[in-house]
file protein-v5.cif (mmCIF, C-alpha atoms)
data_data
loop_
_atom_site.group_PDB
_atom_site.id
_atom_site.type_symbol
_atom_site.label_atom_id
_atom_site.label_comp_id
_atom_site.auth_asym_id
_atom_site.auth_seq_id
_atom_site.Cartn_x
_atom_site.Cartn_y
_atom_site.Cartn_z
ATOM 1 C CA MET A 9 -95.943 -251.130 112.304
ATOM 2 C CA SER A 10 -94.256 -250.148 109.041
ATOM 3 C CA LYS A 11 -91.431 -247.663 108.958
ATOM 4 C CA GLN A 12 -92.102 -244.051 108.035
ATOM 5 C CA VAL A 13 -90.551 -243.337 104.627
ATOM 6 C CA MET A 14 -88.456 -240.170 104.226
ATOM 7 C CA LEU A 15 -86.944 -238.763 101.047
ATOM 8 C CA VAL A 16 -84.082 -236.284 101.453
ATOM 9 C CA THR A 17 -82.832 -234.016 98.662
ATOM 10 C CA GLY A 18 -79.369 -232.519 98.846
ATOM 11 C CA ALA A 19 -78.386 -235.722 100.613
ATOM 12 C CA SER A 20 -74.667 -235.455 99.873
ATOM 13 C CA GLY A 21 -74.353 -232.098 101.647
ATOM 14 C CA PHE A 22 -73.334 -231.189 105.192
ATOM 15 C CA VAL A 23 -76.862 -231.403 106.620
ATOM 16 C CA GLY A 24 -78.249 -233.929 104.152
ATOM 17 C CA LYS A 25 -75.742 -236.721 104.719
ATOM 18 C CA ALA A 26 -76.052 -236.363 108.478
ATOM 19 C CA LEU A 27 -79.860 -236.318 108.296
ATOM 20 C CA CYS A 28 -80.002 -239.528 106.256
ATOM 21 C CA ASN A 29 -77.925 -241.422 108.817
ATOM 22 C CA TYR A 30 -79.698 -239.781 111.772
ATOM 23 C CA ALA A 31 -83.159 -240.664 110.445
ATOM 24 C CA ALA A 32 -82.114 -244.217 109.578
ATOM 25 C CA GLY A 33 -80.955 -244.566 113.178
ATOM 26 C CA TYR A 34 -84.455 -243.594 114.296
ATOM 27 C CA ASP A 35 -85.974 -246.382 112.203
ATOM 28 C CA PHE A 36 -86.971 -244.325 109.165
ATOM 29 C CA GLN A 37 -86.730 -245.872 105.725
ATOM 30 C CA VAL A 38 -84.622 -243.263 103.925
ATOM 31 C CA SER A 39 -84.193 -242.442 100.246
ATOM 32 C CA ALA A 40 -81.250 -240.086 99.616
ATOM 33 C CA VAL A 41 -81.406 -237.972 96.463
ATOM 34 C CA THR A 42 -78.051 -236.913 95.012
ATOM 35 C CA ARG A 43 -76.803 -235.647 91.663
ATOM 36 C CA THR A 44 -74.126 -238.354 91.424
ATOM 37 C CA PRO A 45 -73.994 -241.867 92.919
ATOM 38 C CA ASN A 46 -73.154 -241.991 96.642
ATOM 39 C CA GLU A 47 -72.677 -244.749 99.207
ATOM 40 C CA PHE A 48 -74.634 -244.187 102.437
ATOM 41 C CA GLY A 49 -74.950 -247.489 104.305
ATOM 42 C CA ASN A 50 -77.670 -248.046 106.958
ATOM 43 C CA ASN A 51 -79.934 -249.499 104.213
ATOM 44 C CA ILE A 52 -80.334 -245.988 102.759
ATOM 45 C CA GLN A 53 -81.467 -246.036 99.142
ATOM 46 C CA ASN A 54 -79.588 -243.666 96.854
ATOM 47 C CA ILE A 55 -81.684 -242.056 94.098
ATOM 48 C CA VAL A 56 -79.571 -240.276 91.491
ATOM 49 C CA CYS A 57 -81.232 -237.272 89.848
ATOM 50 C CA ASP A 58 -79.049 -234.736 88.081
ATOM 51 C CA ASP A 59 -81.923 -232.564 86.838
ATOM 52 C CA PHE A 60 -84.806 -231.572 89.115
ATOM 53 C CA SER A 61 -86.225 -229.321 86.389
ATOM 54 C CA ALA A 62 -87.779 -232.179 84.433
ATOM 55 C CA ALA A 63 -91.515 -232.380 85.135
ATOM 56 C CA GLY A 64 -91.513 -235.956 86.478
ATOM 57 C CA SER A 65 -87.862 -236.346 87.438
ATOM 58 C CA LEU A 66 -88.574 -237.742 90.920
ATOM 59 C CA LEU A 67 -92.240 -238.666 90.706
ATOM 60 C CA GLU A 68 -91.711 -242.440 90.784
ATOM 61 C CA GLY A 69 -89.101 -242.163 93.533
ATOM 62 C CA MET A 70 -91.597 -240.336 95.743
ATOM 63 C CA ARG A 71 -94.422 -242.843 95.523
ATOM 64 C CA GLY A 72 -94.951 -244.352 98.942
ATOM 65 C CA VAL A 73 -92.949 -241.587 100.627
ATOM 66 C CA ASP A 74 -94.495 -240.079 103.776
ATOM 67 C CA VAL A 75 -92.311 -236.996 104.139
ATOM 68 C CA VAL A 76 -89.906 -235.107 101.886
ATOM 69 C CA VAL A 77 -87.129 -233.045 103.472
ATOM 70 C CA HIS A 78 -85.937 -230.612 100.814
ATOM 71 C CA LEU A 79 -82.370 -229.460 101.488
ATOM 72 C CA ALA A 80 -81.050 -229.064 97.942
ATOM 73 C CA ALA A 81 -80.511 -225.406 97.133
ATOM 74 C CA ARG A 82 -78.303 -222.824 95.514
ATOM 75 C CA VAL A 83 -76.520 -221.861 98.686
ATOM 76 C CA HIS A 84 -75.538 -218.412 99.830
ATOM 77 C CA VAL A 85 -71.986 -217.381 98.965
ATOM 78 C CA MET A 86 -70.043 -214.360 100.250
ATOM 79 C CA GLN A 87 -68.888 -213.248 96.811
ATOM 80 C CA GLU A 88 -71.708 -213.828 94.313
ATOM 81 C CA SER A 89 -70.334 -214.214 90.762
ATOM 82 C CA SER A 90 -73.548 -214.387 88.727
ATOM 83 C CA ASP A 91 -74.422 -211.328 86.641
ATOM 84 C CA ASP A 92 -78.078 -211.746 87.675
ATOM 85 C CA ALA A 93 -77.848 -213.247 91.138
ATOM 86 C CA LEU A 94 -81.563 -213.089 91.914
ATOM 87 C CA ALA A 95 -82.487 -214.932 88.702
ATOM 88 C CA ALA A 96 -79.868 -217.593 89.444
ATOM 89 C CA TYR A 97 -81.160 -218.121 92.989
ATOM 90 C CA ARG A 98 -84.783 -218.140 91.848
ATOM 91 C CA ALA A 99 -84.111 -220.771 89.186
ATOM 92 C CA VAL A 100 -82.951 -223.259 91.814
ATOM 93 C CA ASN A 101 -84.445 -222.165 95.122
ATOM 94 C CA VAL A 102 -87.903 -221.223 93.832
ATOM 95 C CA ASP A 103 -88.581 -222.891 90.490
ATOM 96 C CA LEU A 104 -86.952 -226.257 91.198
ATOM 97 C CA THR A 105 -88.357 -226.336 94.729
ATOM 98 C CA LEU A 106 -91.876 -225.777 93.438
ATOM 99 C CA ASN A 107 -91.416 -228.376 90.701
ATOM 100 C CA LEU A 108 -90.236 -230.899 93.290
ATOM 101 C CA ALA A 109 -93.130 -230.071 95.614
ATOM 102 C CA LYS A 110 -95.672 -230.508 92.810
ATOM 103 C CA GLN A 111 -94.233 -233.957 92.106
ATOM 104 C CA ALA A 112 -94.398 -234.788 95.819
ATOM 105 C CA ALA A 113 -98.043 -233.759 95.980
ATOM 106 C CA ALA A 114 -98.842 -235.787 92.837
ATOM 107 C CA ALA A 115 -97.120 -238.825 94.381
ATOM 108 C CA GLY A 116 -99.259 -238.572 97.502
ATOM 109 C CA VAL A 117 -96.581 -237.306 99.905
ATOM 110 C CA LYS A 118 -98.277 -236.141 103.091
ATOM 111 C CA ARG A 119 -95.720 -233.628 104.396
ATOM 112 C CA PHE A 120 -92.996 -231.509 102.775
ATOM 113 C CA ILE A 121 -90.338 -229.978 105.052
ATOM 114 C CA TYR A 122 -88.479 -227.062 103.509
ATOM 115 C CA MET A 123 -85.107 -225.938 104.810
ATOM 116 C CA SER A 124 -85.180 -222.186 104.449
ATOM 117 C CA SER A 125 -82.855 -219.640 106.095
ATOM 118 C CA ILE A 126 -82.906 -217.009 108.828
ATOM 119 C CA LYS A 127 -81.964 -214.629 106.022
ATOM 120 C CA VAL A 128 -85.688 -214.513 105.202
ATOM 121 C CA ASN A 129 -86.072 -212.510 108.416
ATOM 122 C CA GLY A 130 -83.101 -210.255 107.688
ATOM 123 C CA GLU A 131 -79.387 -209.850 108.218
ATOM 124 C CA LYS A 132 -79.151 -208.548 111.786
ATOM 125 C CA THR A 133 -81.222 -207.786 114.858
ATOM 126 C CA PRO A 134 -81.354 -204.646 117.023
ATOM 127 C CA VAL A 135 -79.972 -204.849 120.550
ATOM 128 C CA GLY A 136 -82.470 -206.628 122.789
ATOM 129 C CA ARG A 137 -84.761 -207.862 120.013
ATOM 130 C CA ALA A 138 -84.588 -211.281 118.381
ATOM 131 C CA PHE A 139 -86.154 -212.468 115.145
ATOM 132 C CA SER A 140 -89.354 -214.465 115.595
ATOM 133 C CA ALA A 141 -91.018 -216.969 113.283
ATOM 134 C CA ASP A 142 -94.000 -214.704 112.696
ATOM 135 C CA ASP A 143 -92.082 -211.523 111.829
ATOM 136 C CA ILE A 144 -92.818 -209.926 108.476
ATOM 137 C CA PRO A 145 -90.047 -211.204 106.151
ATOM 138 C CA ALA A 146 -87.330 -208.665 105.381
ATOM 139 C CA PRO A 147 -84.628 -210.375 103.288
ATOM 140 C CA GLU A 148 -81.825 -208.112 102.130
ATOM 141 C CA ASP A 149 -80.014 -210.171 99.506
ATOM 142 C CA PRO A 150 -80.971 -212.330 96.503
ATOM 143 C CA TYR A 151 -80.495 -215.572 98.425
ATOM 144 C CA GLY A 152 -82.837 -214.464 101.203
ATOM 145 C CA VAL A 153 -85.396 -213.215 98.687
ATOM 146 C CA SER A 154 -85.356 -216.553 96.846
ATOM 147 C CA LYS A 155 -85.881 -218.469 100.087
ATOM 148 C CA MET A 156 -88.806 -216.226 101.035
ATOM 149 C CA GLU A 157 -90.410 -216.659 97.611
ATOM 150 C CA ALA A 158 -90.010 -220.440 97.834
ATOM 151 C CA GLU A 159 -91.755 -220.458 101.220
ATOM 152 C CA GLN A 160 -94.638 -218.428 99.824
ATOM 153 C CA ALA A 161 -94.970 -220.648 96.741
ATOM 154 C CA LEU A 162 -95.039 -223.786 98.894
ATOM 155 C CA PHE A 163 -97.778 -222.491 101.176
ATOM 156 C CA GLU A 164 -99.828 -221.541 98.110
ATOM 157 C CA LEU A 165 -99.332 -225.030 96.667
ATOM 158 C CA SER A 166 -100.517 -226.526 99.946
ATOM 159 C CA LYS A 167 -103.841 -224.719 99.587
ATOM 160 C CA SER A 168 -104.590 -226.428 96.274
ATOM 161 C CA THR A 169 -103.113 -229.872 96.973
ATOM 162 C CA GLY A 170 -103.547 -230.440 100.714
ATOM 163 C CA MET A 171 -99.899 -231.462 101.106
ATOM 164 C CA GLU A 172 -98.660 -230.244 104.481
ATOM 165 C CA ILE A 173 -95.797 -227.736 104.451
ATOM 166 C CA VAL A 174 -93.334 -227.128 107.279
ATOM 167 C CA VAL A 175 -90.646 -224.443 107.004
ATOM 168 C CA ILE A 176 -87.506 -224.322 109.152
ATOM 169 C CA ARG A 177 -85.257 -221.248 109.157
ATOM 170 C CA PRO A 178 -81.872 -221.994 110.740
ATOM 171 C CA PRO A 179 -79.103 -219.530 111.528
ATOM 172 C CA LEU A 180 -75.468 -220.663 111.224
ATOM 173 C CA ILE A 181 -75.242 -224.466 111.468
ATOM 174 C CA TYR A 182 -72.131 -226.084 112.897
ATOM 175 C CA GLY A 183 -71.091 -229.638 113.646
ATOM 176 C CA PRO A 184 -68.966 -232.494 112.267
ATOM 177 C CA GLU A 185 -68.093 -231.965 108.577
ATOM 178 C CA VAL A 186 -68.790 -228.228 108.813
ATOM 179 C CA GLY A 187 -66.954 -226.041 106.321
ATOM 180 C CA ALA A 188 -66.744 -222.384 105.374
ATOM 181 C CA ASN A 189 -66.205 -219.759 108.086
ATOM 182 C CA PHE A 190 -66.672 -222.074 111.061
ATOM 183 C CA MET A 191 -64.013 -224.429 109.751
ATOM 184 C CA ALA A 192 -61.733 -221.441 109.205
ATOM 185 C CA MET A 193 -62.181 -220.406 112.854
ATOM 186 C CA MET A 194 -61.136 -223.854 114.040
ATOM 187 C CA ARG A 195 -58.066 -223.776 111.816
ATOM 188 C CA TRP A 196 -57.059 -220.350 113.141
ATOM 189 C CA LEU A 197 -57.434 -221.525 116.711
ATOM 190 C CA ALA A 198 -55.572 -224.782 116.082
ATOM 191 C CA ARG A 199 -52.677 -222.850 114.531
ATOM 192 C CA ARG A 200 -52.720 -220.362 117.431
ATOM 193 C CA VAL A 201 -53.187 -217.416 115.077
ATOM 194 C CA PRO A 202 -53.717 -214.131 116.986
ATOM 195 C CA LEU A 203 -57.194 -212.859 116.091
ATOM 196 C CA PRO A 204 -58.409 -209.239 116.473
ATOM 197 C CA LEU A 205 -61.698 -210.471 117.951
ATOM 198 C CA GLY A 206 -61.220 -210.116 121.692
ATOM 199 C CA ALA A 207 -63.618 -207.216 122.219
ATOM 200 C CA ILE A 208 -66.740 -208.164 120.227
ATOM 201 C CA ASP A 209 -69.758 -207.520 122.450
ATOM 202 C CA ASN A 210 -72.547 -208.857 120.263
ATOM 203 C CA ARG A 211 -75.027 -211.737 120.436
ATOM 204 C CA ARG A 212 -75.316 -214.421 117.777
ATOM 205 C CA SER A 213 -77.622 -217.434 117.571
ATOM 206 C CA MET A 214 -76.317 -220.692 116.111
ATOM 207 C CA VAL A 215 -77.557 -224.254 115.930
ATOM 208 C CA ALA A 216 -75.641 -227.485 116.423
ATOM 209 C CA LEU A 217 -76.189 -229.979 113.616
ATOM 210 C CA ASP A 218 -77.635 -232.577 116.018
ATOM 211 C CA ASN A 219 -80.150 -230.041 117.336
ATOM 212 C CA LEU A 220 -81.295 -229.210 113.817
ATOM 213 C CA LEU A 221 -81.624 -232.883 112.885
ATOM 214 C CA ASN A 222 -83.623 -233.539 116.044
ATOM 215 C CA LEU A 223 -86.030 -230.727 115.151
ATOM 216 C CA ILE A 224 -86.433 -232.003 111.587
ATOM 217 C CA LEU A 225 -87.477 -235.393 112.910
ATOM 218 C CA ALA A 226 -89.926 -233.741 115.305
ATOM 219 C CA CYS A 227 -91.453 -231.902 112.332
ATOM 220 C CA THR A 228 -91.964 -235.073 110.309
ATOM 221 C CA SER A 229 -94.983 -236.151 112.323
ATOM 222 C CA HIS A 230 -95.998 -233.583 114.933
ATOM 223 C CA PRO A 231 -99.619 -232.655 114.198
ATOM 224 C CA LYS A 232 -99.076 -228.989 115.072
ATOM 225 C CA ALA A 233 -96.138 -228.557 112.690
ATOM 226 C CA SER A 234 -98.225 -228.453 109.522
ATOM 227 C CA GLY A 235 -98.486 -225.025 107.936
ATOM 228 C CA GLN A 236 -95.930 -223.467 110.279
ATOM 229 C CA VAL A 237 -92.614 -221.642 110.115
ATOM 230 C CA PHE A 238 -90.128 -222.532 112.845
ATOM 231 C CA LEU A 239 -86.894 -220.896 113.912
ATOM 232 C CA VAL A 240 -84.209 -223.039 115.513
ATOM 233 C CA SER A 241 -81.092 -222.464 117.603
ATOM 234 C CA ASP A 242 -79.157 -223.870 120.552
ATOM 235 C CA ASP A 243 -81.169 -221.410 122.683
ATOM 236 C CA GLN A 244 -77.894 -219.929 123.990
ATOM 237 C CA ASP A 245 -76.675 -216.759 122.276
ATOM 238 C CA VAL A 246 -73.038 -215.722 122.563
ATOM 239 C CA SER A 247 -70.709 -213.018 121.347
ATOM 240 C CA VAL A 248 -68.102 -213.910 118.749
ATOM 241 C CA THR A 249 -65.460 -213.412 121.450
ATOM 242 C CA GLN A 250 -67.235 -215.862 123.768
ATOM 243 C CA LEU A 251 -67.690 -218.322 120.912
ATOM 244 C CA LEU A 252 -63.976 -218.357 120.123
ATOM 245 C CA MET A 253 -63.080 -218.796 123.794
ATOM 246 C CA ARG A 254 -65.528 -221.693 124.224
ATOM 247 C CA LEU A 255 -64.433 -223.324 120.988
ATOM 248 C CA ALA A 256 -60.772 -223.007 121.949
ATOM 249 C CA HIS A 257 -61.564 -224.625 125.299
ATOM 250 C CA ALA A 258 -63.260 -227.524 123.519
ATOM 251 C CA MET A 259 -60.220 -227.879 121.245
ATOM 252 C CA LYS A 260 -57.835 -227.653 124.232
ATOM 253 C CA VAL A 261 -55.879 -224.768 122.721
ATOM 254 C CA PRO A 262 -55.376 -221.166 123.884
ATOM 255 C CA ALA A 263 -57.498 -218.478 122.277
ATOM 256 C CA ILE A 264 -55.165 -215.605 121.364
ATOM 257 C CA LEU A 265 -57.670 -212.777 120.998
ATOM 258 C CA LEU A 266 -56.593 -209.163 120.593
ATOM 259 C CA PRO A 267 -59.062 -206.560 122.006
ATOM 260 C CA VAL A 268 -59.645 -204.567 118.812
ATOM 261 C CA PRO A 269 -62.840 -202.440 118.968
ATOM 262 C CA SER A 270 -65.663 -203.408 116.601
ATOM 263 C CA VAL A 271 -65.668 -199.973 114.992
ATOM 264 C CA ILE A 272 -62.079 -200.445 113.827
ATOM 265 C CA ILE A 273 -62.824 -203.931 112.495
ATOM 266 C CA LYS A 274 -65.800 -202.590 110.530
ATOM 267 C CA PHE A 275 -63.783 -199.670 109.133
ATOM 268 C CA ALA A 276 -60.942 -201.957 108.037
ATOM 269 C CA ALA A 277 -63.442 -204.375 106.472
ATOM 270 C CA VAL A 278 -65.024 -201.608 104.408
ATOM 271 C CA MET A 279 -61.573 -200.555 103.178
ATOM 272 C CA LEU A 280 -60.900 -204.165 102.143
ATOM 273 C CA ASN A 281 -64.352 -204.589 100.543
ATOM 274 C CA LYS A 282 -65.261 -207.133 103.231
ATOM 275 C CA ALA A 283 -68.109 -205.282 104.931
ATOM 276 C CA SER A 284 -70.346 -208.366 104.953
ATOM 277 C CA VAL A 285 -67.670 -210.335 106.822
ATOM 278 C CA ALA A 286 -67.475 -207.645 109.497
ATOM 279 C CA GLN A 287 -71.266 -207.634 109.798
ATOM 280 C CA ARG A 288 -71.274 -211.341 110.629
ATOM 281 C CA LEU A 289 -68.492 -210.860 113.145
ATOM 282 C CA CYS A 290 -69.708 -207.714 114.881
ATOM 283 C CA ASP A 291 -73.489 -207.336 114.540
ATOM 284 C CA ASN A 292 -76.250 -209.108 116.448
ATOM 285 C CA LEU A 293 -78.328 -211.894 114.955
ATOM 286 C CA GLN A 294 -80.587 -213.507 117.521
ATOM 287 C CA VAL A 295 -83.547 -215.817 117.007
ATOM 288 C CA ASP A 296 -86.416 -216.454 119.393
ATOM 289 C CA ILE A 297 -87.372 -220.147 119.393
ATOM 290 C CA ALA A 298 -90.214 -219.844 121.923
ATOM 291 C CA LYS A 299 -92.792 -220.817 119.277
ATOM 292 C CA THR A 300 -90.759 -223.884 118.292
ATOM 293 C CA LYS A 301 -90.373 -225.045 121.893
ATOM 294 C CA GLU A 302 -93.969 -224.428 122.915
ATOM 295 C CA MET A 303 -95.825 -225.624 119.817
ATOM 296 C CA LEU A 304 -93.731 -228.779 119.345
ATOM 297 C CA ASN A 305 -92.891 -229.384 123.026
ATOM 298 C CA TRP A 306 -89.270 -229.396 121.852
ATOM 299 C CA THR A 307 -85.984 -228.341 123.419
ATOM 300 C CA PRO A 308 -82.503 -228.578 121.877
ATOM 301 C CA PRO A 309 -80.974 -231.861 123.096
ATOM 302 C CA LEU A 310 -77.440 -230.433 123.045
ATOM 303 C CA SER A 311 -76.247 -227.307 124.840
ATOM 304 C CA LEU A 312 -73.991 -224.885 122.993
ATOM 305 C CA ASP A 313 -70.895 -226.217 124.786
ATOM 306 C CA GLU A 314 -71.881 -229.814 124.040
ATOM 307 C CA GLY A 315 -72.371 -228.964 120.369
ATOM 308 C CA LEU A 316 -68.994 -227.219 120.244
ATOM 309 C CA GLN A 317 -67.328 -230.209 121.930
ATOM 310 C CA VAL A 318 -68.780 -232.642 119.379
ATOM 311 C CA THR A 319 -67.517 -230.392 116.591
ATOM 312 C CA ALA A 320 -64.074 -229.938 118.178
ATOM 313 C CA ASP A 321 -63.726 -233.689 118.729
ATOM 314 C CA TRP A 322 -64.479 -234.290 115.037
ATOM 315 C CA TYR A 323 -61.939 -231.659 113.953
ATOM 316 C CA LEU A 324 -59.217 -233.024 116.240
ATOM 317 C CA SER A 325 -59.818 -236.576 115.003
ATOM 318 C CA LYS A 326 -59.241 -235.633 111.351
#
call {"tool": "encode", "arguments": {"input": "protein-v5.cif", "output": "structure tokens"}}
result
Amino acid sequence: MSKQVMLVTGASGFVGKALCNYAAGYDFQVSAVTRTPNEFGNNIQNIVCDDFSAAGSLLEGMRGVDVVVHLAARVHVMQESSDDALAAYRAVNVDLTLNLAKQAAAAGVKRFIYMSSIKVNGEKTPVGRAFSADDIPAPEDPYGVSKMEAEQALFELSKSTGMEIVVIRPPLIYGPEVGANFMAMMRWLARRVPLPLGAIDNRRSMVALDNLLNLILACTSHPKASGQVFLVSDDQDVSVTQLLMRLAHAMKVPAILLPVPSVIIKFAAVMLNKASVAQRLCDNLQVDIAKTKEMLNWTPPLSLDEGLQVTADWYLSK
């Protein structure tokens, strides 16, 4: 039986590089698309494409491919610098995605998996209510809007081409090679910095990198995945205070957490023009993955604590 052929865009990124190696380990033949030459190993073919906007930029590279996993994107940033942020996000996350998908359909690709974002659902959830995959989209920023519009354009393309579309909307992803805010938390803990986060009583969903990769592979061939939107998480929601305590335990360091009320943190953040940071620290953002588990007969292989331990072990080995 021949290997299933997977093409991954954004293959040099946090998720992309890990996915290429993960899929190769599961006996996929993998083509990794990057903007500059990269070495992957594991018999992974590197396809260099510095301009997805060209009409046939990847057409030949996608011939014979069974499934495309599209990770390349203009990612969300806390301080957007573009004068027209929505236009900038649309140019990459909508226009280039649709161009790539049209090439995939023309090349005969059977299934196209699109990595979207929980931001399509919104920025926060009310107490006791989690986002679900079938909620009406309610993005609040240009990045979320662009991801929603890309989803809609892909499902429309599927109607005319027959190429199967699968959408995955992850919340915060953590794991080896993680950066941004999660990396900052590990640095603070490692340096034993006192943090004013000892009284945050919220609930946040996250997903370990290995759990996300496992779901992506499930979506490559499961017959019920076609035409669906799936949410993903570790299926264990925690407060930011609990997260820091568990992460500190995994790192074998004390968590020095000061019990500052959320209302004070939010007020100080507004004064410092950091309201969005406080929202991520203090508000709820929960996802319901019941549809994912039931439709795909899937459960996250790693628990939250196992995912944190893998991440801590990577950080401590650096």
call {"tool": "closest_residue", "arguments": {"input": "protein-v5.cif", "among": "A:Leu239, A:Val278, A:Leu197, A:Val76", "to": "Met303 of chain A", "atoms": "only C-alpha atoms"}}
result
A:Leu239
call {"tool": "resolve_selection", "arguments": {"input": "protein-v5.cif", "expression": "the PyMOL selection byres ((chain A and resi 140) around 8)", "output": "PyMOL selection string"}}
result
chain A and resi 138-139+141-143+239+295-297
call {"tool": "residues_around", "arguments": {"input": "protein-v5.cif", "residues": "Gly206 of chain A", "least_positions_apart": "5", "cutoff": "7 Å", "atoms": "all atoms listed in the file", "output": "PDB file with C-alpha atoms, in the frame of the given file"}}
result
ATOM      1  CA  THR A 249     -65.460-213.412 121.450  1.00  0.00           C
ATOM      2  CA  LEU A 265     -57.670-212.777 120.998  1.00  0.00           C
ATOM      3  CA  LEU A 266     -56.593-209.163 120.593  1.00  0.00           C
ATOM      4  CA  PRO A 267     -59.062-206.560 122.006  1.00  0.00           C
ATOM      5  CA  VAL A 268     -59.645-204.567 118.812  1.00  0.00           C
TER       6      VAL A 268
END
call {"tool": "residues_around", "arguments": {"input": "protein-v5.cif", "residues": "Ala320 of chain A", "least_positions_apart": "4", "cutoff": "7 Å", "atoms": "all atoms listed in the file", "output": "ChimeraX atom specification"}}
result
/A:258-259,316,324
call {"tool": "atom_distance", "arguments": {"input": "protein-v5.cif", "atom1": "atom CA of Thr105 of chain A", "atom2": "atom CA of Thr228 of chain A"}}
result
18.2 Å
call {"tool": "residues_around", "arguments": {"input": "protein-v5.cif", "residues": "Gly235 of chain A", "least_positions_apart": "2", "cutoff": "7 Å", "atoms": "only C-alpha atoms", "output": "mmCIF file with C-alpha atoms, in the frame of the given file"}}
result
data_model
loop_
_atom_site.group_PDB
_atom_site.id
_atom_site.type_symbol
_atom_site.label_atom_id
_atom_site.label_comp_id
_atom_site.auth_asym_id
_atom_site.auth_seq_id
_atom_site.Cartn_x
_atom_site.Cartn_y
_atom_site.Cartn_z
ATOM 1 C CA GLU A 172 -98.660 -230.244 104.481
ATOM 2 C CA ILE A 173 -95.797 -227.736 104.451
ATOM 3 C CA VAL A 174 -93.334 -227.128 107.279
ATOM 4 C CA ALA A 233 -96.138 -228.557 112.690
#
call {"tool": "axis_aligned_box", "arguments": {"input": "protein-v5.cif", "around": "segment 107-116 of chain A", "padding_each_side": "4 Å", "output": "JSON"}}
result
{"center_x": -94.7, "center_y": -233.6, "center_z": 94.1, "size_x": 17.0, "size_y": 18.4, "size_z": 14.8}
call {"tool": "resolve_selection", "arguments": {"input": "protein-v5.cif", "expression": "the PyMOL selection byres ((chain A and resi 203) around 7)", "output": "PyMOL selection string"}}
result
chain A and resi 201-202+204-205+264-266
call {"tool": "write_last_selection", "arguments": {"input": "protein-v5.cif", "atoms": "C-alpha atoms", "output": "mmCIF file, in the coordinates of the input"}}
result
data_model
loop_
_atom_site.group_PDB
_atom_site.id
_atom_site.type_symbol
_atom_site.label_atom_id
_atom_site.label_comp_id
_atom_site.auth_asym_id
_atom_site.auth_seq_id
_atom_site.Cartn_x
_atom_site.Cartn_y
_atom_site.Cartn_z
ATOM 1 C CA VAL A 201 -53.187 -217.416 115.077
ATOM 2 C CA PRO A 202 -53.717 -214.131 116.986
ATOM 3 C CA PRO A 204 -58.409 -209.239 116.473
ATOM 4 C CA LEU A 205 -61.698 -210.471 117.951
ATOM 5 C CA ILE A 264 -55.165 -215.605 121.364
ATOM 6 C CA LEU A 265 -57.670 -212.777 120.998
ATOM 7 C CA LEU A 266 -56.593 -209.163 120.593
#
call {"tool": "residues_around", "arguments": {"input": "protein-v5.cif", "residues": "Val271 of chain A", "least_positions_apart": "3", "cutoff": "12 Å", "atoms": "all atoms listed in the file", "output": "number ranges by chain"}}
result
A: 204-205, 207-209, 267-268, 274-278, 283, 286-287, 289-291
call {"tool": "closest_residue", "arguments": {"input": "protein-v5.cif", "among": "A:Gln53, A:Ser213, A:Ser325, A:Asn101", "to": "Ser39 of chain A", "atoms": "only C-alpha atoms"}}
result
A:Gln53
call {"tool": "residues_around", "arguments": {"input": "protein-v5.cif", "residues": "Thr319 of chain A", "least_positions_apart": "3", "cutoff": "6 Å", "atoms": "only C-alpha atoms", "output": "list of chain:residue names"}}
result
A:Gly183, A:Pro184, A:Leu316, A:Trp322
call {"tool": "closest_residue", "arguments": {"input": "protein-v5.cif", "among": "A:Ile52, A:Ala80, A:Asp74, A:Val240", "to": "Ser10 of chain A", "atoms": "all atoms listed in the file"}}
result
A:Asp74
call {"tool": "closest_atom_pairs", "arguments": {"input": "protein-v5.cif", "of": "segment 61-171 of chain A", "to": "segment 23-29 of chain A", "cutoff": "12 Å", "atoms": "all atoms listed in the file", "output": "tab-separated table"}}
result
residue	atom	partner	partner_atom	distance
A:Val76	CA	A:Cys28	CA	11.7
A:Val77	CA	A:Gly24	CA	8.9
A:His78	CA	A:Gly24	CA	9.0
A:Leu79	CA	A:Gly24	CA	6.6
A:Ala80	CA	A:Gly24	CA	8.4
A:Ala81	CA	A:Gly24	CA	11.3
A:Met123	CA	A:Val23	CA	10.1
call {"tool": "atom_distance", "arguments": {"input": "protein-v5.cif", "atom1": "atom CA of Ser247 of chain A", "atom2": "atom CA of Asp218 of chain A"}}
result
21.4 Å
call {"tool": "resolve_selection", "arguments": {"input": "protein-v5.cif", "expression": "the PyMOL selection byres ((chain A and resi 310) around 8)", "output": "number ranges by chain"}}
result
A: 216, 218-219, 242, 308-309, 311-315
call {"tool": "atom_distance", "arguments": {"input": "protein-v5.cif", "atom1": "atom CA of Val237 of chain A", "atom2": "atom CA of Arg177 of chain A"}}
result
7.4 Å
call {"tool": "closest_residue", "arguments": {"input": "protein-v5.cif", "among": "A:Arg212, A:Ala19, A:Asn46, A:Ile55", "to": "Val135 of chain A", "atoms": "only C-alpha atoms"}}
result
A:Arg212
call {"tool": "closest_residue", "arguments": {"input": "protein-v5.cif", "among": "A:Pro45, A:Gly136, A:Gly130, A:Gly170", "to": "Tyr151 of chain A", "atoms": "only C-alpha atoms"}}
result
A:Gly130
call {"tool": "closest_residue", "arguments": {"input": "protein-v5.cif", "among": "A:Ala263, A:Ile224, A:Gly152, A:Leu162", "to": "Arg199 of chain A", "atoms": "all atoms listed in the file"}}
result
A:Ala263
